[in-house]
Amino acid sequence: MAITPSIAGADFDSTLDLPTSGDPRHNATLTLTVRYRLVFADSKNRAGIIVTVEGSPRARDGTGFRHFILDWDGPTRLKFTRALWRAERIWSFKFLLTPPMRYDGLDLPHPNKGWKFRPNVLCAFRFVPDDKPHITVTAVRAEGAMAGAFTSHAARATPRDMVLDYNDPWRPTLGHELGHVLGMLHILALKGDKACLADANAERCYGEKDYEKANIMGSGRELWPLNALPWRERIAAHTGVAADEWSVSMDMTRAPTVIGNGSSLLDI
Ligand SMILES: [Zn+2]
């Protein structure tokens, strides 16, 4: 199957770039791109999520709780906007995919005559403001003692939406919600737990053991190779090689495999 260089998706776009330098030390890159529109919701711009309770504006969180909110001002808008510009760093260049030995579709000519090299695939992520967005990010400023308890959420159902509190970029929350946008369920579902695959929002699906809770798709910040799932699934769409045939490493320095003249990786 020929490689598909670009895929436009309902949830995100993707591009597979093979190295064009001819340098056999250079890997390929698979970039997932989520375009977003940012909406600041407050008493002046209710954005469908601000309600008035007993005369004061409040924002409903993912659990339905109605939090008191503050209005946005110039400095808070700017700080939050800039924090979203940096969000792609959470997921970008954390994983490297190695093609299965039987697959030679990425092979490129090596400077030595008759040799080839087989690049690995670096997993990149872009999160870019755009007026034709995949998702809307609605941001609120939850106020007071309950602010830390604002339950942010991301839904892939229509309308695609993410609701964030002002503080989320400085908590594990933003990376977790972006994980949902990329199609990941909570950690126990990622580990194959049947009950969590059926309903990943049950409390236990965020992890039962401490090390599970520490994962970004639990309630922590850690990334593990299983969090490369969105890239593994998408590289399958680009190459026709099934997701589970790609091995995941978090060593981003792994060099391409060099294949000498007349040799085949299947013979090694
Ligand atoms: Zn979640």
# chains A, B, ... in the order shown; residues from 1 in each chain; ligands from 1
call {"tool": "residues_around", "arguments": {"residues": "range 14-16 of chain A", "least_positions_apart": "6", "cutoff": "7 Å", "atoms": "only C-alpha atoms", "output": "list in words"}}
result
Pro5, Ser6, Ile7, Ala8, Thr29, Leu30, Thr31, Leu32 and Thr33 of chain A
call {"tool": "closest_atom_pairs", "arguments": {"of": "chain A", "to": "ligand 1", "cutoff": "8 Å", "atoms": "only C-alpha atoms and all ligand atoms", "output": "tab-separated table"}}
result
residue	atom	partner	partner_atom_place_in_ligand_line	distance
A:His153	CA	ligand 1	1 (Zn)	6.5
A:Ala154	CA	ligand 1	1 (Zn)	7.3
A:His176	CA	ligand 1	1 (Zn)	6.2
A:Glu177	CA	ligand 1	1 (Zn)	6.1
A:His180	CA	ligand 1	1 (Zn)	6.6
A:Leu185	CA	ligand 1	1 (Zn)	7.0
A:His186	CA	ligand 1	1 (Zn)	6.0
A:Asn201	CA	ligand 1	1 (Zn)	7.1
A:Tyr206	CA	ligand 1	1 (Zn)	7.7
A:Met217	CA	ligand 1	1 (Zn)	6.5
A:Gly218	CA	ligand 1	1 (Zn)	7.4
call {"tool": "residues_around", "arguments": {"residues": "Thr98 in chain A", "least_positions_apart": "5", "cutoff": "9 Å", "atoms": "only C-alpha atoms", "output": "ChimeraX atom specification"}}
result
/A:119-121,245-249,256
call {"tool": "residues_around", "arguments": {"residues": "Thr63 in chain A", "least_positions_apart": "6", "cutoff": "9 Å", "atoms": "only C-alpha atoms", "output": "list in words"}}
result
Phe150, Thr151 and Ser152 of chain A
call {"tool": "write_last_selection", "arguments": {"atoms": "C-alpha atoms", "output": "compact mmCIF listing (two decimals), in the first residue's frame"}}
result
# COMPACT_ATOMS: atom_id res chain seq x y z
CA PHE A 150 -13.80 22.68 38.78
CA THR A 151 -14.12 19.47 36.79
CA SER A 152 -12.97 20.20 33.28
call {"tool": "residues_around", "arguments": {"residues": "range 103-110 of chain A", "least_positions_apart": "4", "cutoff": "8 Å", "atoms": "only C-alpha atoms", "output": "MDAnalysis selection string"}}
result
chainID A and resid 2:3 18 22:24 99 114:119 239 241 258
call {"tool": "write_last_selection", "arguments": {"atoms": "C-alpha atoms", "output": "mmCIF file, in the first residue's frame"}}
result
data_model
loop_
_atom_site.group_PDB
_atom_site.id
_atom_site.type_symbol
_atom_site.label_atom_id
_atom_site.label_comp_id
_atom_site.auth_asym_id
_atom_site.auth_seq_id
_atom_site.Cartn_x
_atom_site.Cartn_y
_atom_site.Cartn_z
ATOM 1 C CA ALA A 2 1.273 3.440 -0.917
ATOM 2 C CA ILE A 3 1.818 5.895 1.909
ATOM 3 C CA LEU A 18 9.652 11.313 5.486
ATOM 4 C CA GLY A 22 19.137 11.969 2.415
ATOM 5 C CA ASP A 23 20.866 11.871 5.826
ATOM 6 C CA PRO A 24 20.524 8.311 7.153
ATOM 7 C CA PRO A 99 8.067 -0.047 11.945
ATOM 8 C CA GLY A 114 22.865 -0.069 -2.830
ATOM 9 C CA TRP A 115 22.259 0.510 0.879
ATOM 10 C CA LYS A 116 19.030 1.722 2.431
ATOM 11 C CA PHE A 117 17.925 3.138 5.737
ATOM 12 C CA ARG A 118 14.642 2.717 7.526
ATOM 13 C CA PRO A 119 13.582 5.775 9.561
ATOM 14 C CA THR A 239 0.711 3.170 5.884
ATOM 15 C CA VAL A 241 0.365 -1.381 8.713
ATOM 16 C CA VAL A 258 20.755 0.948 8.212
#
call {"tool": "closest_residue", "arguments": {"among": "A:Asp73, A:Glu88, A:Asp17, A:Asp161", "to": "Leu174 in chain A", "atoms": "only C-alpha atoms"}}
result
A:Glu88
call {"tool": "decode", "arguments": {"residues": "range 39-170 of chain A", "atoms": "C-alpha atoms", "output": "PDB file, in the first residue's frame"}}
result
ATOM      1  CA  VAL A  39     -13.961  31.272  23.741  1.00  0.00           C
ATOM      2  CA  PHE A  40     -13.795  33.144  27.041  1.00  0.00           C
ATOM      3  CA  ALA A  41     -17.068  32.565  28.876  1.00  0.00           C
ATOM      4  CA  ASP A  42     -18.216  34.928  31.615  1.00  0.00           C
ATOM      5  CA  SER A  43     -21.191  37.106  32.613  1.00  0.00           C
ATOM      6  CA  LYS A  44     -20.836  39.135  29.412  1.00  0.00           C
ATOM      7  CA  ASN A  45     -20.331  36.216  27.024  1.00  0.00           C
ATOM      8  CA  ARG A  46     -22.274  33.250  28.316  1.00  0.00           C
ATOM      9  CA  ALA A  47     -21.212  30.900  25.497  1.00  0.00           C
ATOM     10  CA  GLY A  48     -23.935  28.416  26.342  1.00  0.00           C
ATOM     11  CA  ILE A  49     -22.402  27.337  29.649  1.00  0.00           C
ATOM     12  CA  ILE A  50     -22.933  30.297  31.997  1.00  0.00           C
ATOM     13  CA  VAL A  51     -26.162  30.309  33.974  1.00  0.00           C
ATOM     14  CA  THR A  52     -27.502  32.746  36.549  1.00  0.00           C
ATOM     15  CA  VAL A  53     -28.181  31.300  39.975  1.00  0.00           C
ATOM     16  CA  GLU A  54     -29.571  33.587  42.690  1.00  0.00           C
ATOM     17  CA  GLY A  55     -28.424  36.630  40.741  1.00  0.00           C
ATOM     18  CA  SER A  56     -24.826  35.568  40.129  1.00  0.00           C
ATOM     19  CA  PRO A  57     -23.255  34.070  37.013  1.00  0.00           C
ATOM     20  CA  ARG A  58     -22.040  30.506  37.386  1.00  0.00           C
ATOM     21  CA  ALA A  59     -20.405  27.915  35.150  1.00  0.00           C
ATOM     22  CA  ARG A  60     -21.484  24.304  35.048  1.00  0.00           C
ATOM     23  CA  ASP A  61     -18.591  21.878  35.227  1.00  0.00           C
ATOM     24  CA  GLY A  62     -18.332  18.305  33.976  1.00  0.00           C
ATOM     25  CA  THR A  63     -20.228  16.999  36.993  1.00  0.00           C
ATOM     26  CA  GLY A  64     -23.047  19.543  36.633  1.00  0.00           C
ATOM     27  CA  PHE A  65     -21.869  21.550  39.664  1.00  0.00           C
ATOM     28  CA  ARG A  66     -22.407  25.296  39.209  1.00  0.00           C
ATOM     29  CA  HIS A  67     -19.324  27.279  40.183  1.00  0.00           C
ATOM     30  CA  PHE A  68     -19.179  30.995  40.878  1.00  0.00           C
ATOM     31  CA  ILE A  69     -17.092  32.686  38.197  1.00  0.00           C
ATOM     32  CA  LEU A  70     -15.147  35.886  37.629  1.00  0.00           C
ATOM     33  CA  ASP A  71     -15.190  37.895  34.420  1.00  0.00           C
ATOM     34  CA  TRP A  72     -12.089  37.781  32.227  1.00  0.00           C
ATOM     35  CA  ASP A  73      -9.856  40.821  31.875  1.00  0.00           C
ATOM     36  CA  GLY A  74      -6.948  41.680  29.594  1.00  0.00           C
ATOM     37  CA  PRO A  75      -4.136  40.131  31.658  1.00  0.00           C
ATOM     38  CA  THR A  76      -5.977  36.871  32.415  1.00  0.00           C
ATOM     39  CA  ARG A  77      -7.023  36.451  28.766  1.00  0.00           C
ATOM     40  CA  LEU A  78      -3.466  36.998  27.599  1.00  0.00           C
ATOM     41  CA  LYS A  79      -1.961  34.625  30.148  1.00  0.00           C
ATOM     42  CA  PHE A  80      -4.452  31.875  29.313  1.00  0.00           C
ATOM     43  CA  THR A  81      -4.102  32.382  25.539  1.00  0.00           C
ATOM     44  CA  ARG A  82      -0.325  32.066  25.806  1.00  0.00           C
ATOM     45  CA  ALA A  83      -0.616  28.961  27.974  1.00  0.00           C
ATOM     46  CA  LEU A  84      -2.678  27.268  25.238  1.00  0.00           C
ATOM     47  CA  TRP A  85      -0.010  28.161  22.662  1.00  0.00           C
ATOM     48  CA  ARG A  86       2.442  26.173  24.768  1.00  0.00           C
ATOM     49  CA  ALA A  87       0.097  23.218  25.301  1.00  0.00           C
ATOM     50  CA  GLU A  88       1.383  21.233  22.330  1.00  0.00           C
ATOM     51  CA  ARG A  89       4.638  20.706  24.232  1.00  0.00           C
ATOM     52  CA  ILE A  90       2.822  18.343  26.591  1.00  0.00           C
ATOM     53  CA  TRP A  91       2.361  15.743  23.844  1.00  0.00           C
ATOM     54  CA  SER A  92       4.851  16.600  21.138  1.00  0.00           C
ATOM     55  CA  PHE A  93       8.020  14.528  20.569  1.00  0.00           C
ATOM     56  CA  LYS A  94       7.375  12.175  23.504  1.00  0.00           C
ATOM     57  CA  PHE A  95       7.151   8.935  21.508  1.00  0.00           C
ATOM     58  CA  LEU A  96       9.015   7.229  18.685  1.00  0.00           C
ATOM     59  CA  LEU A  97       7.467   4.466  16.569  1.00  0.00           C
ATOM     60  CA  THR A  98       9.537   1.751  14.947  1.00  0.00           C
ATOM     61  CA  PRO A  99       8.067  -0.047  11.945  1.00  0.00           C
ATOM     62  CA  PRO A 100       7.794  -3.825  12.006  1.00  0.00           C
ATOM     63  CA  MET A 101      10.662  -5.684  10.344  1.00  0.00           C
ATOM     64  CA  ARG A 102       8.494  -6.939   7.511  1.00  0.00           C
ATOM     65  CA  TYR A 103       7.488  -3.421   6.414  1.00  0.00           C
ATOM     66  CA  ASP A 104       9.809  -1.636   3.990  1.00  0.00           C
ATOM     67  CA  GLY A 105       7.444   1.160   2.947  1.00  0.00           C
ATOM     68  CA  LEU A 106       9.464   3.865   4.735  1.00  0.00           C
ATOM     69  CA  ASP A 107      12.859   2.692   3.428  1.00  0.00           C
ATOM     70  CA  LEU A 108      14.973   5.359   1.750  1.00  0.00           C
ATOM     71  CA  PRO A 109      18.216   5.185  -0.240  1.00  0.00           C
ATOM     72  CA  HIS A 110      21.385   5.441   1.881  1.00  0.00           C
ATOM     73  CA  PRO A 111      24.326   7.537   0.616  1.00  0.00           C
ATOM     74  CA  ASN A 112      26.271   4.250   0.221  1.00  0.00           C
ATOM     75  CA  LYS A 113      25.317   2.786  -3.127  1.00  0.00           C
ATOM     76  CA  GLY A 114      22.865  -0.069  -2.830  1.00  0.00           C
ATOM     77  CA  TRP A 115      22.259   0.510   0.879  1.00  0.00           C
ATOM     78  CA  LYS A 116      19.030   1.722   2.431  1.00  0.00           C
ATOM     79  CA  PHE A 117      17.925   3.138   5.737  1.00  0.00           C
ATOM     80  CA  ARG A 118      14.642   2.717   7.526  1.00  0.00           C
ATOM     81  CA  PRO A 119      13.582   5.775   9.561  1.00  0.00           C
ATOM     82  CA  ASN A 120      11.655   5.546  12.812  1.00  0.00           C
ATOM     83  CA  VAL A 121       8.673   7.844  13.195  1.00  0.00           C
ATOM     84  CA  LEU A 122       8.762  10.732  15.679  1.00  0.00           C
ATOM     85  CA  CYS A 123       5.337  11.550  17.142  1.00  0.00           C
ATOM     86  CA  ALA A 124       4.614  15.272  16.975  1.00  0.00           C
ATOM     87  CA  PHE A 125       1.569  17.196  18.140  1.00  0.00           C
ATOM     88  CA  ARG A 126       0.360  20.627  17.088  1.00  0.00           C
ATOM     89  CA  PHE A 127      -2.412  22.567  18.798  1.00  0.00           C
ATOM     90  CA  VAL A 128      -3.186  25.646  16.781  1.00  0.00           C
ATOM     91  CA  PRO A 129      -5.776  28.429  16.937  1.00  0.00           C
ATOM     92  CA  ASP A 130      -7.800  28.489  13.725  1.00  0.00           C
ATOM     93  CA  ASP A 131     -11.089  29.867  12.496  1.00  0.00           C
ATOM     94  CA  LYS A 132     -11.981  26.445  11.041  1.00  0.00           C
ATOM     95  CA  PRO A 133     -11.535  24.495  14.275  1.00  0.00           C
ATOM     96  CA  HIS A 134     -11.830  20.835  15.159  1.00  0.00           C
ATOM     97  CA  ILE A 135     -12.798  21.812  18.690  1.00  0.00           C
ATOM     98  CA  THR A 136     -13.992  24.773  20.685  1.00  0.00           C
ATOM     99  CA  VAL A 137     -12.156  25.465  23.930  1.00  0.00           C
ATOM    100  CA  THR A 138     -14.471  27.327  26.311  1.00  0.00           C
ATOM    101  CA  ALA A 139     -12.573  28.815  29.233  1.00  0.00           C
ATOM    102  CA  VAL A 140     -14.017  30.024  32.534  1.00  0.00           C
ATOM    103  CA  ARG A 141     -12.557  31.582  35.672  1.00  0.00           C
ATOM    104  CA  ALA A 142     -13.972  29.525  38.515  1.00  0.00           C
ATOM    105  CA  GLU A 143     -13.817  31.566  41.695  1.00  0.00           C
ATOM    106  CA  GLY A 144     -13.002  31.017  45.313  1.00  0.00           C
ATOM    107  CA  ALA A 145     -12.367  27.953  47.400  1.00  0.00           C
ATOM    108  CA  MET A 146     -14.151  25.714  44.938  1.00  0.00           C
ATOM    109  CA  ALA A 147     -12.012  26.843  41.992  1.00  0.00           C
ATOM    110  CA  GLY A 148      -9.671  23.885  42.365  1.00  0.00           C
ATOM    111  CA  ALA A 149     -12.643  21.570  42.215  1.00  0.00           C
ATOM    112  CA  PHE A 150     -13.803  22.685  38.777  1.00  0.00           C
ATOM    113  CA  THR A 151     -14.115  19.466  36.789  1.00  0.00           C
ATOM    114  CA  SER A 152     -12.975  20.202  33.281  1.00  0.00           C
ATOM    115  CA  HIS A 153     -14.038  17.969  30.484  1.00  0.00           C
ATOM    116  CA  ALA A 154     -13.629  17.237  26.832  1.00  0.00           C
ATOM    117  CA  ALA A 155     -16.214  15.587  24.669  1.00  0.00           C
ATOM    118  CA  ARG A 156     -15.774  14.152  21.217  1.00  0.00           C
ATOM    119  CA  ALA A 157     -19.500  14.049  20.639  1.00  0.00           C
ATOM    120  CA  THR A 158     -21.051  16.869  18.648  1.00  0.00           C
ATOM    121  CA  PRO A 159     -20.541  19.649  19.418  1.00  0.00           C
ATOM    122  CA  ARG A 160     -16.862  18.895  19.938  1.00  0.00           C
ATOM    123  CA  ASP A 161     -15.940  20.907  22.932  1.00  0.00           C
ATOM    124  CA  MET A 162     -13.534  21.303  25.806  1.00  0.00           C
ATOM    125  CA  VAL A 163     -14.383  23.303  28.898  1.00  0.00           C
ATOM    126  CA  LEU A 164     -11.406  24.478  30.931  1.00  0.00           C
ATOM    127  CA  ASP A 165     -10.834  26.505  34.044  1.00  0.00           C
ATOM    128  CA  TYR A 166      -8.302  29.343  34.012  1.00  0.00           C
ATOM    129  CA  ASN A 167      -5.858  27.301  36.118  1.00  0.00           C
ATOM    130  CA  ASP A 168      -5.936  24.122  34.033  1.00  0.00           C
ATOM    131  CA  PRO A 169      -2.839  24.816  31.908  1.00  0.00           C
ATOM    132  CA  TRP A 170      -0.810  24.757  35.137  1.00  0.00           C
TER     133      TRP A 170
END
